[in-house]
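J.: File final-v8.txt follows (compact mmCIF, C-alpha atoms):
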```
# COMPACT_ATOMS: atom_id res chain seq x y z
CA MET W 1 106.13 122.16 84.70
CA ASN W 2 103.82 124.89 83.42
CA ASP W 3 106.48 127.52 84.03
CA ARG W 4 108.93 125.57 81.95
CA ALA W 5 106.33 125.13 79.23
CA ARG W 6 106.29 128.89 78.65
CA GLU W 7 109.87 128.77 77.38
CA PRO W 8 109.52 127.53 73.81
CA ALA W 9 113.15 126.58 73.25
CA GLU W 10 113.49 124.36 76.26
CA ARG W 11 113.07 120.62 75.75
CA ILE W 12 111.36 118.49 78.34
CA VAL W 13 113.16 115.23 78.96
CA VAL W 14 111.44 112.25 80.53
CA GLU W 15 113.47 109.14 81.22
CA LEU W 16 111.82 105.76 81.55
CA ASP W 17 113.53 102.75 83.05
CA ASP W 18 110.83 100.23 82.21
CA PRO W 19 111.17 98.82 78.67
CA GLU W 20 107.77 97.12 78.73
CA LEU W 21 106.07 100.31 79.77
CA ALA W 22 108.07 102.22 77.17
CA GLU W 23 106.54 100.05 74.46
CA LEU W 24 103.14 101.46 75.38
CA VAL W 25 104.25 105.09 75.55
CA PRO W 26 104.09 105.98 71.82
CA LEU W 27 100.41 105.04 71.72
CA PHE W 28 99.81 106.93 74.93
CA LEU W 29 101.39 110.10 73.53
CA GLU W 30 99.65 109.68 70.19
CA ASN W 31 96.34 109.59 72.05
CA ARG W 32 97.26 112.75 73.92
CA GLU W 33 97.99 114.50 70.59
CA ARG W 34 94.51 113.44 69.52
CA ASP W 35 93.15 114.75 72.80
CA VAL W 36 94.54 118.20 71.95
CA GLU W 37 92.61 118.20 68.68
CA ASN W 38 89.46 116.98 70.41
CA LEU W 39 89.83 119.57 73.16
CA VAL W 40 90.07 122.37 70.61
CA ASP W 41 86.96 121.06 68.86
CA ALA W 42 85.11 120.68 72.16
CA LEU W 43 86.05 124.21 73.19
CA GLU W 44 84.72 125.60 69.93
CA ARG W 45 81.45 123.75 70.46
CA GLY W 46 81.22 124.61 74.14
CA ASP W 47 81.20 120.88 74.86
CA PHE W 48 82.53 120.92 78.40
CA ALA W 49 81.37 117.37 79.08
CA THR W 50 83.98 116.20 76.58
CA VAL W 51 86.59 118.49 78.14
CA LYS W 52 85.85 116.98 81.51
CA ARG W 53 85.95 113.41 80.20
CA LEU W 54 89.24 113.88 78.35
CA GLY W 55 90.76 115.57 81.37
CA HIS W 56 89.53 112.80 83.61
CA ASN W 57 91.14 110.14 81.41
CA MET W 58 94.40 112.06 81.18
CA LYS W 59 94.52 112.54 84.91
CA GLY W 60 94.08 108.83 85.41
CA ALA W 61 96.68 107.63 82.93
CA GLY W 62 99.50 110.20 82.96
CA ALA W 63 101.33 109.40 86.15
CA GLY W 64 101.09 105.68 85.55
CA TYR W 65 103.08 106.14 82.37
CA GLY W 66 105.61 108.36 84.10
CA PHE W 67 104.17 111.68 82.96
CA ASP W 68 103.07 113.41 86.14
CA ALA W 69 102.66 116.69 84.24
CA ILE W 70 99.98 115.11 82.06
CA THR W 71 98.10 113.98 85.14
CA GLU W 72 98.28 117.56 86.46
CA MET W 73 97.08 119.00 83.15
CA GLY W 74 94.32 116.39 83.04
CA ALA W 75 93.17 117.42 86.49
CA ALA W 76 93.11 121.07 85.39
CA LEU W 77 91.09 120.15 82.31
CA GLU W 78 88.67 118.06 84.33
CA ARG W 79 88.10 121.01 86.68
CA ALA W 80 87.73 123.40 83.75
CA GLY W 81 85.20 121.10 82.13
CA ASP W 82 83.31 120.69 85.36
CA THR W 83 83.01 124.45 85.89
CA GLU W 84 82.57 125.14 82.16
CA ASP W 85 85.50 127.52 82.28
CA ALA W 86 86.53 128.27 78.68
CA ALA W 87 89.60 130.30 79.62
CA ALA W 88 90.95 127.59 81.88
CA THR W 89 90.24 124.96 79.23
CA ARG W 90 92.12 126.99 76.63
CA GLU W 91 95.05 127.52 78.96
CA ALA W 92 95.34 123.85 79.90
CA THR W 93 94.94 122.72 76.30
CA THR W 94 97.71 125.08 75.21
CA ALA W 95 99.93 123.85 78.02
CA LEU W 96 99.33 120.26 76.95
CA ALA W 97 100.11 121.00 73.29
CA ARG W 98 103.33 122.79 74.23
CA TYR W 99 104.34 120.02 76.56
CA LEU W 100 103.86 117.36 73.91
CA ALA W 101 105.70 119.39 71.29
CA ARG W 102 108.74 119.74 73.49
CA LEU W 103 108.81 116.29 74.97
CA ASP W 104 111.77 113.96 74.51
CA VAL W 105 111.39 110.49 75.99
CA TYR W 106 114.41 108.32 76.65
CA VAL W 107 114.40 104.69 77.63
CA ALA W 108 117.20 103.39 79.81
CA GLY W 109 119.52 101.26 77.71
CA SER W 110 117.72 102.05 74.46
CA GLY W 111 118.10 105.77 73.88
CA ARG W 112 115.47 108.14 72.63
CA LEU W 113 111.99 106.84 72.09
CA ASP W 114 110.58 107.72 68.69
CA ALA W 115 107.01 108.87 68.52
CA ALA W 116 104.47 106.42 67.14
CA MET X 117 86.25 95.42 71.13
CA THR X 118 87.26 92.72 73.52
CA GLN X 119 90.94 92.08 74.03
CA VAL X 120 91.86 88.69 75.32
CA PHE X 121 95.04 87.66 77.01
CA PRO X 122 94.62 83.99 77.82
CA GLN X 123 98.24 83.51 78.75
CA ARG X 124 97.68 80.66 81.08
CA THR X 125 94.85 78.65 79.68
CA GLY X 126 95.18 79.51 76.01
CA GLN X 127 91.51 78.74 75.62
CA SER X 128 90.23 79.23 72.14
CA THR X 129 87.90 82.19 71.85
CA PRO X 130 87.59 82.80 68.12
CA GLN X 131 85.12 85.65 68.44
CA ARG X 132 87.76 87.70 70.21
CA THR X 133 90.59 89.48 68.61
CA GLU X 134 93.93 89.58 70.39
CA THR X 135 96.07 87.09 72.18
CA THR X 136 99.47 87.03 73.80
CA ARG X 137 99.78 83.28 73.34
CA ASP X 138 102.50 83.38 70.70
CA ALA X 139 105.51 82.22 72.69
CA PRO X 140 107.07 78.73 72.64
CA ARG X 141 105.19 76.34 74.85
CA LEU X 142 107.86 75.86 77.46
CA ARG X 143 108.31 79.59 77.73
CA ASP X 144 104.61 79.93 78.42
CA GLY X 145 104.87 77.23 81.03
CA LEU X 146 107.65 79.10 82.78
CA ARG X 147 106.62 82.65 82.17
CA LEU X 148 103.23 82.46 83.78
CA PRO X 149 104.23 81.20 87.22
CA LEU X 150 107.34 83.35 87.04
CA GLY X 151 105.19 86.39 86.34
CA THR X 152 103.17 85.73 89.45
CA LEU X 153 106.23 85.04 91.57
CA VAL X 154 108.03 88.17 90.42
CA GLY X 155 104.94 90.36 90.67
CA PHE X 156 104.06 89.23 94.15
CA ALA X 157 107.68 89.35 95.28
CA GLU X 158 107.81 92.94 94.08
CA LEU X 159 104.67 93.77 96.04
CA LEU X 160 105.92 92.09 99.20
CA SER X 161 109.29 93.81 98.99
CA THR X 162 107.99 97.30 98.33
CA ARG X 163 104.77 97.58 100.30
CA ASP X 164 103.55 96.78 103.76
CA PHE X 165 100.83 94.19 104.05
CA PRO X 166 99.18 92.81 107.16
CA PRO X 167 100.47 89.34 108.07
CA ASP X 168 97.32 87.56 106.92
CA GLU X 169 97.54 89.20 103.48
CA GLN X 170 101.23 88.35 103.29
CA ARG X 171 100.37 84.77 104.13
CA GLU X 172 97.77 84.66 101.35
CA MET X 173 100.29 85.97 98.84
CA VAL X 174 102.98 83.55 99.97
CA VAL X 175 100.55 80.63 99.62
CA ILE X 176 99.87 81.71 96.04
CA MET X 177 103.61 82.08 95.40
CA LEU X 178 104.33 78.62 96.77
CA ARG X 179 101.71 77.13 94.51
CA GLU X 180 103.15 78.94 91.51
CA ALA X 181 106.64 77.79 92.46
CA GLN X 182 105.31 74.26 92.43
CA ARG X 183 103.84 74.82 88.97
CA LEU X 184 107.22 76.09 87.83
CA THR X 185 108.98 73.02 89.16
CA THR X 186 106.41 70.76 87.54
CA ALA X 187 106.74 72.51 84.17
CA LEU X 188 110.53 72.19 84.23
CA GLY X 189 110.38 68.54 85.28
CA ASP X 190 107.85 67.70 82.60
CA HIS X 191 109.89 69.38 79.93
CA LEU X 192 113.08 67.71 81.07
CA ARG X 193 111.40 64.31 80.84
CA TRP X 194 110.17 65.20 77.37
CA LEU X 195 113.68 66.27 76.32
CA GLU X 196 115.13 63.07 77.67
CA GLY X 197 112.55 61.19 75.67
CA ALA X 198 113.52 63.15 72.56
CA ALA X 199 117.19 62.22 73.11
CA GLY X 200 116.37 58.53 72.78
CA PRO X 201 114.60 55.71 74.56
CA ALA X 202 117.67 54.89 76.64
CA ALA X 203 117.72 58.36 78.12
CA ALA X 204 114.03 58.59 78.80
CA SER X 205 112.82 58.84 82.34
CA PRO X 206 109.89 56.72 83.44
CA GLY X 207 106.67 58.25 82.27
CA ALA X 208 108.37 60.41 79.65
CA ALA X 209 106.22 61.66 76.82
CA SER X 210 106.99 60.53 73.31
CA PRO X 211 109.46 62.68 71.41
CA GLY X 212 107.73 65.40 69.54
CA THR X 213 104.58 65.26 71.57
CA VAL X 214 103.52 68.13 73.74
CA PRO X 215 104.96 67.96 77.25
CA PRO X 216 102.28 67.60 79.91
CA SER X 217 102.84 71.01 81.43
CA ALA X 218 102.87 72.63 78.02
CA ALA X 219 99.63 70.93 77.15
CA ALA X 220 98.18 72.38 80.30
CA THR X 221 99.03 75.87 79.12
CA ASP X 222 97.70 75.17 75.67
CA GLY X 223 94.45 73.43 76.41
CA SER X 224 91.70 73.13 78.89
CA SER X 225 92.90 70.08 80.81
CA GLU X 226 94.26 72.22 83.62
CA PRO X 227 92.34 75.40 84.27
CA ALA X 228 94.13 78.48 85.51
CA SER X 229 95.11 78.51 89.15
CA LEU X 230 94.60 82.25 89.34
CA PRO X 231 91.36 83.84 88.28
CA MET X 232 90.70 85.28 84.86
CA VAL X 233 90.31 89.04 85.20
CA LEU X 234 87.75 91.09 83.31
CA LEU X 235 89.15 94.58 82.79
CA VAL X 236 86.52 97.22 82.05
CA GLU X 237 88.15 100.47 80.94
CA ASP X 238 87.18 102.79 78.11
CA GLU X 239 90.43 104.71 77.80
CA ALA X 240 92.88 102.82 75.59
CA SER X 241 96.08 103.99 77.26
CA THR X 242 94.81 103.21 80.73
CA ARG X 243 93.56 99.85 79.52
CA ALA X 244 96.99 99.00 78.12
CA LEU X 245 98.77 100.13 81.26
CA THR X 246 96.43 98.26 83.58
CA GLY X 247 96.77 95.19 81.40
CA LEU X 248 100.54 95.37 81.76
CA MET X 249 100.18 95.52 85.53
CA LEU X 250 97.88 92.51 85.54
CA ARG X 251 100.23 90.51 83.32
CA ARG X 252 103.06 91.30 85.71
CA LEU X 253 101.04 89.71 88.45
CA GLY X 254 100.78 86.64 86.25
CA LEU X 255 97.07 87.20 85.67
CA ASP X 256 95.22 86.47 82.46
CA TYR X 257 92.69 89.07 81.52
CA GLU X 258 90.09 90.05 79.01
CA ALA X 259 89.48 93.72 78.33
CA VAL X 260 86.34 95.50 77.26
CA GLU X 261 85.70 99.17 76.64
CA ASN X 262 82.29 99.66 78.18
CA GLY X 263 79.87 98.44 80.77
CA ARG X 264 77.49 96.88 78.27
CA GLU X 265 80.15 94.54 76.91
CA ALA X 266 81.21 93.67 80.44
CA LEU X 267 77.69 92.72 81.46
CA ASP X 268 77.21 90.69 78.28
CA LEU X 269 80.34 88.65 79.03
CA LEU X 270 79.50 88.22 82.70
CA ARG X 271 75.94 87.12 81.93
CA ALA X 272 77.12 84.68 79.28
CA ASP X 273 79.74 82.98 81.45
CA PRO X 274 79.88 84.29 85.02
CA ALA X 275 82.10 81.43 86.20
CA ARG X 276 84.81 82.41 83.73
CA TYR X 277 85.92 85.39 85.79
CA GLY X 278 87.41 85.55 89.24
CA LEU X 279 87.91 89.30 89.41
CA VAL X 280 86.53 92.41 87.71
CA VAL X 281 88.69 95.52 87.47
CA LEU X 282 86.14 98.21 86.88
CA ASP X 283 86.41 101.82 85.81
CA LEU X 284 83.48 103.94 86.98
CA THR X 285 83.30 106.49 84.19
CA LEU X 286 82.26 104.52 81.14
CA PRO X 287 80.57 105.67 77.94
CA ASP X 288 77.30 103.73 78.15
CA VAL X 289 76.50 101.66 81.24
CA ASP X 290 78.63 103.22 83.96
CA GLY X 291 80.65 101.29 86.49
CA LEU X 292 78.21 101.74 89.35
CA SER X 293 75.42 100.27 87.25
CA VAL X 294 77.65 97.32 86.36
CA LEU X 295 78.44 96.79 90.02
CA ASN X 296 74.77 97.03 91.01
CA GLU X 297 73.80 94.42 88.47
CA LEU X 298 76.61 92.10 89.53
CA ARG X 299 75.48 92.31 93.13
CA HIS X 300 71.86 91.56 92.27
CA VAL X 301 72.54 88.41 90.25
CA THR X 302 73.22 85.25 92.20
CA ALA X 303 75.97 84.02 89.90
CA THR X 304 78.02 87.19 90.30
CA ARG X 305 76.95 88.37 93.73
CA ASP X 306 80.25 87.36 95.33
CA LEU X 307 82.50 88.16 92.40
CA PRO X 308 85.47 90.20 93.64
CA VAL X 309 85.52 93.68 92.15
CA LEU X 310 88.31 96.23 92.16
CA VAL X 311 87.14 99.72 91.25
CA PHE X 312 89.91 101.58 89.45
CA THR X 313 88.79 105.13 89.06
CA GLY X 314 90.00 108.64 88.39
CA ARG X 315 86.90 110.05 90.04
CA ASN X 316 87.22 111.89 93.33
CA LEU X 317 84.99 109.73 95.45
CA THR X 318 82.63 111.20 97.99
CA ARG X 319 82.39 109.85 101.50
CA GLU X 320 79.05 108.30 100.59
CA GLU X 321 80.56 106.54 97.59
CA ARG X 322 83.39 105.18 99.70
CA ALA X 323 80.91 103.90 102.25
CA PHE X 324 78.90 102.30 99.47
CA PHE X 325 81.95 100.46 98.13
CA ALA X 326 82.89 99.36 101.61
CA ARG X 327 79.42 97.90 102.11
CA GLN X 328 79.74 96.10 98.79
CA SER X 329 83.15 94.67 99.81
CA VAL X 330 84.69 96.42 96.84
CA GLN X 331 88.32 97.49 96.82
CA VAL X 332 88.98 100.94 95.38
CA ILE X 333 92.15 102.25 93.77
CA GLU X 334 92.30 105.85 92.60
CA LYS X 335 94.09 106.48 89.34
CA GLY X 336 96.86 109.02 89.26
CA THR X 337 97.45 108.90 93.00
CA GLY X 338 100.33 106.48 93.05
CA GLN X 339 98.20 103.78 94.63
CA ASP X 340 99.41 100.38 93.55
CA ILE X 341 96.88 98.44 91.54
CA GLY X 342 98.77 95.28 92.40
CA ALA X 343 97.95 95.71 96.06
CA GLY X 344 94.33 96.36 95.19
CA VAL X 345 94.19 93.25 93.04
CA VAL X 346 95.64 91.12 95.81
CA ARG X 347 93.16 92.48 98.33
CA ALA X 348 90.20 92.10 96.00
CA MET X 349 91.23 88.54 95.13
CA ARG X 350 91.72 87.77 98.77
CA GLN X 351 88.20 88.98 99.53
CA GLY X 352 86.96 86.47 97.02
CA VAL X 353 89.01 83.57 98.35
CA PRO X 354 86.72 82.45 101.16
CA ARG X 355 83.69 82.44 98.91
CA ARG X 356 84.86 81.36 95.49
CA HIS X 357 88.41 80.12 95.55
CA ALA X 358 89.03 78.75 99.00
CA ALA X 359 90.31 75.44 97.71
CA GLN X 360 92.62 77.14 95.26
CA ALA X 361 94.50 78.92 98.03
CA THR X 362 95.38 75.61 99.63
CA GLY X 363 96.34 74.02 96.36
CA THR X 364 93.67 71.36 96.63
CA SER X 365 91.47 72.37 93.78
CA ARG X 366 91.24 74.61 90.77
CA VAL X 367 89.90 78.03 90.21
CA LYS X 368 86.73 77.17 88.36
CA GLU X 369 85.70 74.30 90.55
CA SER X 370 84.14 76.51 93.19
```
Now that the file is in, can you turn its structure into structure tokens?
T.:
Amino acid sequence: MNDRAREPAERIVVELDDPELAELVPLFLENRERDVENLVDALERGDFATVKRLGHNMKGAGAGYGFDAITEMGAALERAGDTEDAAATREATTALARYLARLDVYVAGSGRLDAA
Amino acid sequence: MTQVFPQRTGQSTPQRTETTRDAPRLRDGLRLPLGTLVGFAELLSTRDFPPDEQREMVVIMLREAQRLTTALGDHLRWLEGAAGPAAASPGAASPGTVPPSAAATDGSSEPASLPMVLLVEDEASTRALTGLMLRRLGLDYEAVENGREALDLLRADPARYGLVVLDLTLPDVDGLSVLNELRHVTATRDLPVLVFTGRNLTREERAFFARQSVQVIEKGTGQDIGAGVVRAMRQGVPRRHAAQATGTSRVKES
């Protein structure tokens, strides 16, 4: 997923076949957009505890919503926060921002899911 | 903030903020046992359980099937009453009154047959997702964002809850502290707890949870929370809800 994220023109398509779950996805993605902002702030402040906490939460929630890549990025952020690794935090935050910017979510039977 | 989803009992809790009880009464009466039946059927058809756990789940499903039949029968009698006295079955409710099964979902005359779950999770998205999973198992739940709120609710009314789904990493009182307090208070000592965590647990932590008879599900690993819920509830059955499993009593009469 990270390799694909380096190609700016390529869209990332995730298809969901669970309408009830899909109803929750806009809020989930909105919260991840907010996480990007909070990660940038935390990085500037050297607040790796926040990086670790946000990564931990992302790791826990991503796959359940059908976004395995977010779980992977969350795990990377949690590790980066744990080891206070600024470069790794920056890299994972950038990967997350790119992923979200290029993400198209489709729901079976309903078409494309609009962001919240 | 506490989120409340009293789907089955519909008990009035004005200090709390959200409810899913907005559907027509019959639909509530059908949806709740159906949710349990479908959720458990999904678990049984997709995962392997030991025979004794399967038996426990099937007992619960049979009881919910009986509730479904009762709700339909009650509503049919009510409809027949609404069509006119000549069509009414013996014991039919008066037209326009609440059918017995609907009243049970809307009041406190018939407590829930499955335990109310207290969901303790600080991350909103995970809370919403876990709540969806619980609803699909036909379980009512209340959700809080931190350990302090959880302890406040459990101290105020420990008998209200039959299961706690507990995150470990919480902003104030962490999950381990919540668990420790629960285990040191008589009223909650035997309360089934399912730890739902994104933390990589150490061997010592796993041993600790095993000693505490706590089920553990790791987030983001594909582990099914439904299976964890069933196992945690089952652990509680002999102590708190033994009569419920045989259909001879109700959840809060332990």
J.: Write down, as a list in words, each residue of chain X that has any atom within 6 Å of an atom of chain W, counting only C-alpha atoms.
T.: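 My answer is Ser241, Thr242, Gly314, Lys335 and Gly336 of chain X.
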J.: Extending 3 Å beyond the listed atoms of segment 275-279 of chain X on each side, what axis-aligned box results? I want centre and edge lengths in Å to one decimal, as JSON.
T.:
```
{"center_x": 85.0, "center_y": 85.4, "center_z": 86.6, "size_x": 11.8, "size_y": 13.9, "size_z": 11.7}
```
J.: Separation of atom CA of Arg34 of chain W and atom CA of Ala88 of chain W, in Å?
T.: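 Computing the Euclidean distance for atom CA of Arg34 of chain W and atom CA of Ala88 of chain W yields 19.1 Å.
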J.: Would you mind reading off the distance between atom CA of Val40 of chain W and atom CA of Asn262 of chain X, one decimal, in Å?
T.: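 So the answer is 25.2 Å.
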J.: Within 9 Å of Gly291 of chain X, counting all atoms listed in the file, which residues qualify if same-chain residues fewer than 5 places away don't, as a list in words?
T.: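 In the requested form, the answer reads Val236, Asn262, Gly263, Leu282, Asp283, Leu284, Thr285, Leu286, Asn296 and Val311 of chain X.
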J.: Give me, as a list in words, all polymer residues having an atom no more than 6 Å from segment 107-110 of chain W, counting all atoms listed in the file and skipping those fewer than 4 positions away in the same chain.
T.: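 Neighbouring residues, sequence-local ones excluded: Glu15, Leu16 and Asp17 of chain W.
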J.: Would you mind listing what lies within 9 Å of Ala348 of chain X as a CSV table (one decimal) with C-alpha atoms, keeping the file's coordinate frame, with all atoms listed in the file counted and same-chain residues fewer than 4 positions away left out?
T.:
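Result went into out35.csv, see below:
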```csv
chain,number,residue,atom,x,y,z
X,279,LEU,CA,87.9,89.3,89.4
X,308,PRO,CA,85.5,90.2,93.6
X,309,VAL,CA,85.5,93.7,92.2
X,310,LEU,CA,88.3,96.2,92.2
X,329,SER,CA,83.2,94.7,99.8
X,330,VAL,CA,84.7,96.4,96.8
X,331,GLN,CA,88.3,97.5,96.8
X,332,VAL,CA,89.0,100.9,95.4
X,343,ALA,CA,98.0,95.7,96.1
X,344,GLY,CA,94.3,96.4,95.2
X,352,GLY,CA,87.0,86.5,97.0
X,353,VAL,CA,89.0,83.6,98.4
```
